[in-house]
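See below for target.tsv, which holds TSV, C-alpha atoms.
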chain	number	residue	atom	x	y	z
A	1	MET	CA	-67.82	81.82	70.32
A	2	VAL	CA	-68.35	78.78	68.12
A	3	THR	CA	-65.55	76.22	67.80
A	4	ARG	CA	-65.62	73.98	64.76
A	5	VAL	CA	-63.14	71.16	64.21
A	6	ARG	CA	-62.45	69.92	60.71
A	7	ARG	CA	-59.90	67.79	58.91
A	8	ALA	CA	-57.15	69.82	57.36
A	9	ARG	CA	-56.56	69.55	53.61
A	10	ILE	CA	-53.32	69.77	51.62
A	11	GLU	CA	-54.03	73.43	50.89
A	12	ASP	CA	-54.05	74.08	54.67
A	13	ALA	CA	-50.36	73.14	55.05
A	14	GLY	CA	-49.29	76.79	55.27
A	15	ILE	CA	-51.74	77.80	57.98
A	16	VAL	CA	-51.06	74.64	60.01
A	17	ALA	CA	-47.30	75.31	59.81
A	18	ALA	CA	-47.85	78.93	60.91
A	19	VAL	CA	-49.95	77.86	63.91
A	20	ALA	CA	-47.41	75.13	64.73
A	21	ALA	CA	-44.55	77.64	64.68
A	22	GLU	CA	-46.55	79.99	66.92
A	23	THR	CA	-47.58	77.36	69.47
A	24	PHE	CA	-44.69	74.89	69.75
A	25	GLU	CA	-42.74	77.02	72.22
A	26	LEU	CA	-45.74	76.99	74.59
A	27	ALA	CA	-45.15	73.27	75.23
A	28	CYS	CA	-41.42	73.57	75.82
A	29	PRO	CA	-40.08	73.83	79.36
A	30	PRO	CA	-38.69	77.17	80.51
A	31	GLY	CA	-35.06	77.51	79.58
A	32	THR	CA	-35.34	75.70	76.25
A	33	ALA	CA	-32.92	77.52	73.97
A	34	PRO	CA	-34.57	79.59	71.23
A	35	GLU	CA	-32.12	78.01	68.76
A	36	ALA	CA	-33.30	74.52	69.73
A	37	ILE	CA	-36.94	75.55	69.29
A	38	ALA	CA	-36.19	77.14	65.91
A	39	ALA	CA	-34.31	74.02	64.76
A	40	PHE	CA	-37.24	71.78	65.74
A	41	ILE	CA	-39.73	74.01	63.95
A	42	ALA	CA	-37.58	74.11	60.81
A	43	GLU	CA	-37.13	70.33	60.77
A	44	HIS	CA	-40.58	69.10	61.82
A	45	LEU	CA	-43.14	71.91	61.51
A	46	SER	CA	-42.48	73.54	58.14
A	47	GLU	CA	-45.12	73.96	55.45
A	48	GLN	CA	-43.36	71.27	53.40
A	49	ARG	CA	-43.45	68.83	56.33
A	50	PHE	CA	-47.14	69.50	56.93
A	51	ALA	CA	-47.86	68.92	53.24
A	52	GLY	CA	-46.25	65.49	53.71
A	53	TYR	CA	-48.18	64.83	56.92
A	54	LEU	CA	-51.44	65.81	55.20
A	55	ALA	CA	-50.70	63.45	52.30
A	56	SER	CA	-49.98	60.49	54.61
A	57	PRO	CA	-52.78	57.93	55.00
A	58	GLU	CA	-51.58	57.24	58.58
A	59	ARG	CA	-52.01	60.85	59.70
A	60	THR	CA	-55.04	62.99	60.42
A	61	VAL	CA	-54.54	66.70	61.01
A	62	LEU	CA	-57.45	68.55	62.57
A	63	LEU	CA	-57.96	72.32	62.65
A	64	ALA	CA	-60.00	74.16	65.26
A	65	ASP	CA	-61.75	77.21	63.90
A	66	VAL	CA	-63.25	79.78	66.29
A	67	ASP	CA	-65.53	82.24	64.55
A	68	GLY	CA	-63.50	82.01	61.33
A	69	GLU	CA	-60.03	82.14	62.91
A	70	ILE	CA	-57.74	79.09	63.22
A	71	ALA	CA	-57.28	78.62	66.97
A	72	GLY	CA	-55.28	75.39	67.07
A	73	TYR	CA	-54.58	72.01	65.56
A	74	SER	CA	-53.91	68.40	66.41
A	75	MET	CA	-52.29	65.54	64.55
A	76	LEU	CA	-53.10	61.87	64.99
A	77	VAL	CA	-50.75	59.10	63.82
A	78	ALA	CA	-52.56	55.78	63.39
A	79	ALA	CA	-49.57	53.44	63.56
A	80	ASP	CA	-47.59	51.39	66.04
A	81	PRO	CA	-45.14	53.45	68.11
A	82	ALA	CA	-41.78	53.78	66.37
A	83	ASP	CA	-39.98	54.82	69.57
A	84	PRO	CA	-38.80	51.73	71.52
A	85	GLU	CA	-39.38	53.54	74.85
A	86	VAL	CA	-43.02	54.07	73.89
A	87	ALA	CA	-43.53	50.61	72.38
A	88	ALA	CA	-42.39	49.10	75.68
A	89	VAL	CA	-45.12	50.85	77.70
A	90	VAL	CA	-47.96	51.23	75.18
A	91	THR	CA	-48.67	47.59	74.50
A	92	ALA	CA	-52.32	47.55	73.34
A	93	ARG	CA	-52.72	47.32	69.56
A	94	PRO	CA	-53.92	48.85	67.40
A	95	THR	CA	-53.05	52.22	68.92
A	96	ALA	CA	-52.77	55.78	67.67
A	97	GLU	CA	-50.61	58.67	68.82
A	98	ILE	CA	-51.88	62.17	69.38
A	99	SER	CA	-48.64	63.59	68.09
A	100	LYS	CA	-49.59	67.24	68.40
A	101	CYS	CA	-52.37	69.15	70.13
A	102	TYR	CA	-51.69	72.86	70.30
A	103	VAL	CA	-53.88	75.90	70.84
A	104	ARG	CA	-52.84	79.50	70.21
A	105	ALA	CA	-52.37	81.42	73.49
A	106	ASN	CA	-55.20	83.89	72.86
A	107	PHE	CA	-57.65	80.95	72.66
A	108	HIS	CA	-56.59	79.23	75.91
A	109	GLY	CA	-59.46	78.62	78.31
A	110	LEU	CA	-62.16	78.67	75.63
A	111	GLY	CA	-62.65	74.92	75.17
A	112	VAL	CA	-60.62	74.68	71.96
A	113	SER	CA	-58.28	72.00	73.33
A	114	THR	CA	-61.27	69.94	74.46
A	115	ALA	CA	-62.81	70.15	70.98
A	116	LEU	CA	-59.50	69.12	69.39
A	117	MET	CA	-59.09	66.25	71.85
A	118	GLU	CA	-62.61	64.99	71.16
A	119	GLY	CA	-61.96	65.19	67.41
A	120	SER	CA	-58.63	63.37	67.79
A	121	ILE	CA	-60.19	60.58	69.85
A	122	ALA	CA	-63.00	60.21	67.30
A	123	ALA	CA	-60.43	60.01	64.49
A	124	ALA	CA	-58.49	57.34	66.41
A	125	ASP	CA	-61.67	55.36	66.90
A	126	GLU	CA	-62.48	55.67	63.17
A	127	ALA	CA	-58.97	54.40	62.39
A	128	GLY	CA	-59.68	51.28	64.45
A	129	ALA	CA	-57.43	52.06	67.43
A	130	ILE	CA	-58.32	50.67	70.84
A	131	THR	CA	-56.08	53.15	72.70
A	132	VAL	CA	-54.53	56.54	72.10
A	133	TRP	CA	-51.26	57.75	73.57
A	134	LEU	CA	-49.18	60.90	73.67
A	135	GLY	CA	-45.97	62.30	75.03
A	136	VAL	CA	-45.93	65.44	77.18
A	137	ASN	CA	-42.98	67.24	78.71
A	138	GLN	CA	-42.68	66.32	82.37
A	139	ARG	CA	-42.59	70.02	83.34
A	140	ASN	CA	-45.73	70.98	81.39
A	141	SER	CA	-48.14	70.75	84.34
A	142	ARG	CA	-50.96	72.59	82.56
A	143	ALA	CA	-50.99	70.09	79.68
A	144	ILE	CA	-50.63	67.13	82.05
A	145	ARG	CA	-53.70	68.27	84.02
A	146	PHE	CA	-55.68	68.66	80.78
A	147	TYR	CA	-54.70	65.20	79.53
A	148	GLU	CA	-55.53	63.59	82.86
A	149	LYS	CA	-58.95	65.32	82.81
A	150	SER	CA	-59.35	63.88	79.30
A	151	GLY	CA	-58.93	60.33	80.62
A	152	PHE	CA	-55.21	59.73	80.05
A	153	ARG	CA	-53.00	58.05	82.62
A	154	ARG	CA	-49.24	57.90	82.91
A	155	VAL	CA	-47.75	54.61	81.66
A	156	GLY	CA	-44.08	55.48	81.23
A	157	THR	CA	-41.44	57.95	80.10
A	158	LYS	CA	-39.53	58.74	76.95
A	159	HIS	CA	-37.03	61.23	75.61
A	160	PHE	CA	-37.85	63.97	73.12
A	161	LEU	CA	-35.27	65.84	71.07
A	162	VAL	CA	-35.81	69.59	70.56
A	163	GLY	CA	-33.01	70.78	68.32
A	164	ASP	CA	-29.95	69.48	70.15
A	165	GLU	CA	-31.64	69.39	73.59
A	166	LEU	CA	-32.90	66.12	75.05
A	167	HIS	CA	-36.11	66.56	77.08
A	168	ASP	CA	-37.93	64.15	79.38
A	169	ASP	CA	-41.55	63.34	78.56
A	170	PHE	CA	-44.24	61.33	80.27
A	171	VAL	CA	-46.05	58.81	78.07
A	172	LEU	CA	-49.79	58.95	78.71
A	173	GLU	CA	-52.37	56.49	77.39
A	174	ARG	CA	-56.13	56.35	77.23
A	175	PRO	CA	-58.33	53.43	76.21
A	176	LEU	CA	-61.05	54.26	73.73
A	177	THR	CA	-64.68	53.69	74.66
A	178	ALA	CA	-64.84	50.31	72.91
A	179	ALA	CA	-61.82	49.13	74.93
A	180	GLU	CA	-63.03	50.41	78.32
The structure given in the file should be rewritten as structure tokens.
Amino acid sequence: MVTRVRRARIEDAGIVAAVAAETFELACPPGTAPEAIAAFIAEHLSEQRFAGYLASPERTVLLADVDGEIAGYSMLVAADPADPEVAAVVTARPTAEISKCYVRANFHGLGVSTALMEGSIAAADEAGAITVWLGVNQRNSRAIRFYEKSGFRRVGTKHFLVGDELHDDFVLERPLTAAE
């Protein structure tokens, strides 16, 4: 299997939204209400929202393609943290957020997440960031292990709203090579 990572284009908004809708639930803790997940997807992961993300100069959306099939995506936001909880613990500037990094279940264990992470870190470096950060649900042990293997360390906590449910996230940060 060959994994290729490329920047998504405006015309990819539909496929990115479809993959986002398929994968978002995988990152939610057990017991998250289906209605809360559906509300989050409708508000933040629609084709229209991804068209806006893809048009934003602060955002980079990457697609992972495995043998011609979209296996996952990531989104980098090259901007200061808007969340006060994050801004308090991620103090190095300039920084970039890995806002999303999701892989479809049938591609887990094939190195797709590693390829997306490497692409996201390269994009952050190109954007001039000296660190990257992300939020991960405190109960998502698989993702936490992956991020720690990728060089991230826990620097704080924040809240994350899924529909009308408030979830607890860890904030993880990684310096980029130039900053290490």
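Residue neighbourhood of Arg139 of chain A, excluding near-sequence residues (fewer than 2 positions): Ala27, Cys28, Pro29, Pro30, Val136, Asn137, Ser141, Arg142, Ala143, Ile144, His167, Asp168, Asp169 and Phe170 of chain A, at 10 Å, using only C-alpha atoms.
Residue nearest Asp80 of chain A, chosen from A:Leu116, A:Ala129, A:Leu110, A:Val61 and counting all atoms listed in the file: A:Ala129.
Residues in contact range of Ala21 of chain A, defined as at most 9 Å between only C-alpha atoms, with sequence neighbours fewer than 3 positions away removed, read A:Val16, A:Ala17, A:Ala18, A:Phe24, A:Glu25, A:Ala38, A:Ile41, A:Ala42, A:Leu45, A:Ser46.
Ranking A:Ala122, A:Val155, A:Ala115, A:Ala13 by their shortest atom-to-atom distance to Ala51 of chain A, with all atoms listed in the file included, puts A:Ala13 first.
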Test item: which residues lie within 12 Å of (-60.2, 57.4, 81.5) counting only C-alpha atoms, as a compact mmCIF listing (two decimals) with C-alpha atoms, in the coordinates of the input:
# COMPACT_ATOMS: atom_id res chain seq x y z
CA THR A 131 -56.08 53.15 72.70
CA VAL A 132 -54.53 56.54 72.10
CA TRP A 133 -51.26 57.75 73.57
CA TYR A 147 -54.70 65.20 79.53
CA GLU A 148 -55.53 63.59 82.86
CA LYS A 149 -58.95 65.32 82.81
CA SER A 150 -59.35 63.88 79.30
CA GLY A 151 -58.93 60.33 80.62
CA PHE A 152 -55.21 59.73 80.05
CA ARG A 153 -53.00 58.05 82.62
CA ARG A 154 -49.24 57.90 82.91
CA LEU A 172 -49.79 58.95 78.71
CA GLU A 173 -52.37 56.49 77.39
CA ARG A 174 -56.13 56.35 77.23
CA PRO A 175 -58.33 53.43 76.21
CA LEU A 176 -61.05 54.26 73.73
CA THR A 177 -64.68 53.69 74.66
CA ALA A 179 -61.82 49.13 74.93
CA GLU A 180 -63.03 50.41 78.32
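When all atoms listed in the file are used to compute distances to Ala123 of chain A, the closest of the residues A:Ala78, A:Thr23, A:Asp67, A:Tyr53 turns out to be A:Ala78.
Nearest to Ala71 of chain A of all the residues A:Ala127, A:Met1, A:Gly31, A:Leu134 is A:Met1, counting all atoms listed in the file.
Each of A:Glu11, A:Asp83, A:Glu118, A:Glu97 was compared to Glu47 of chain A using only C-alpha atoms, and A:Glu11 turns out to be the nearest.
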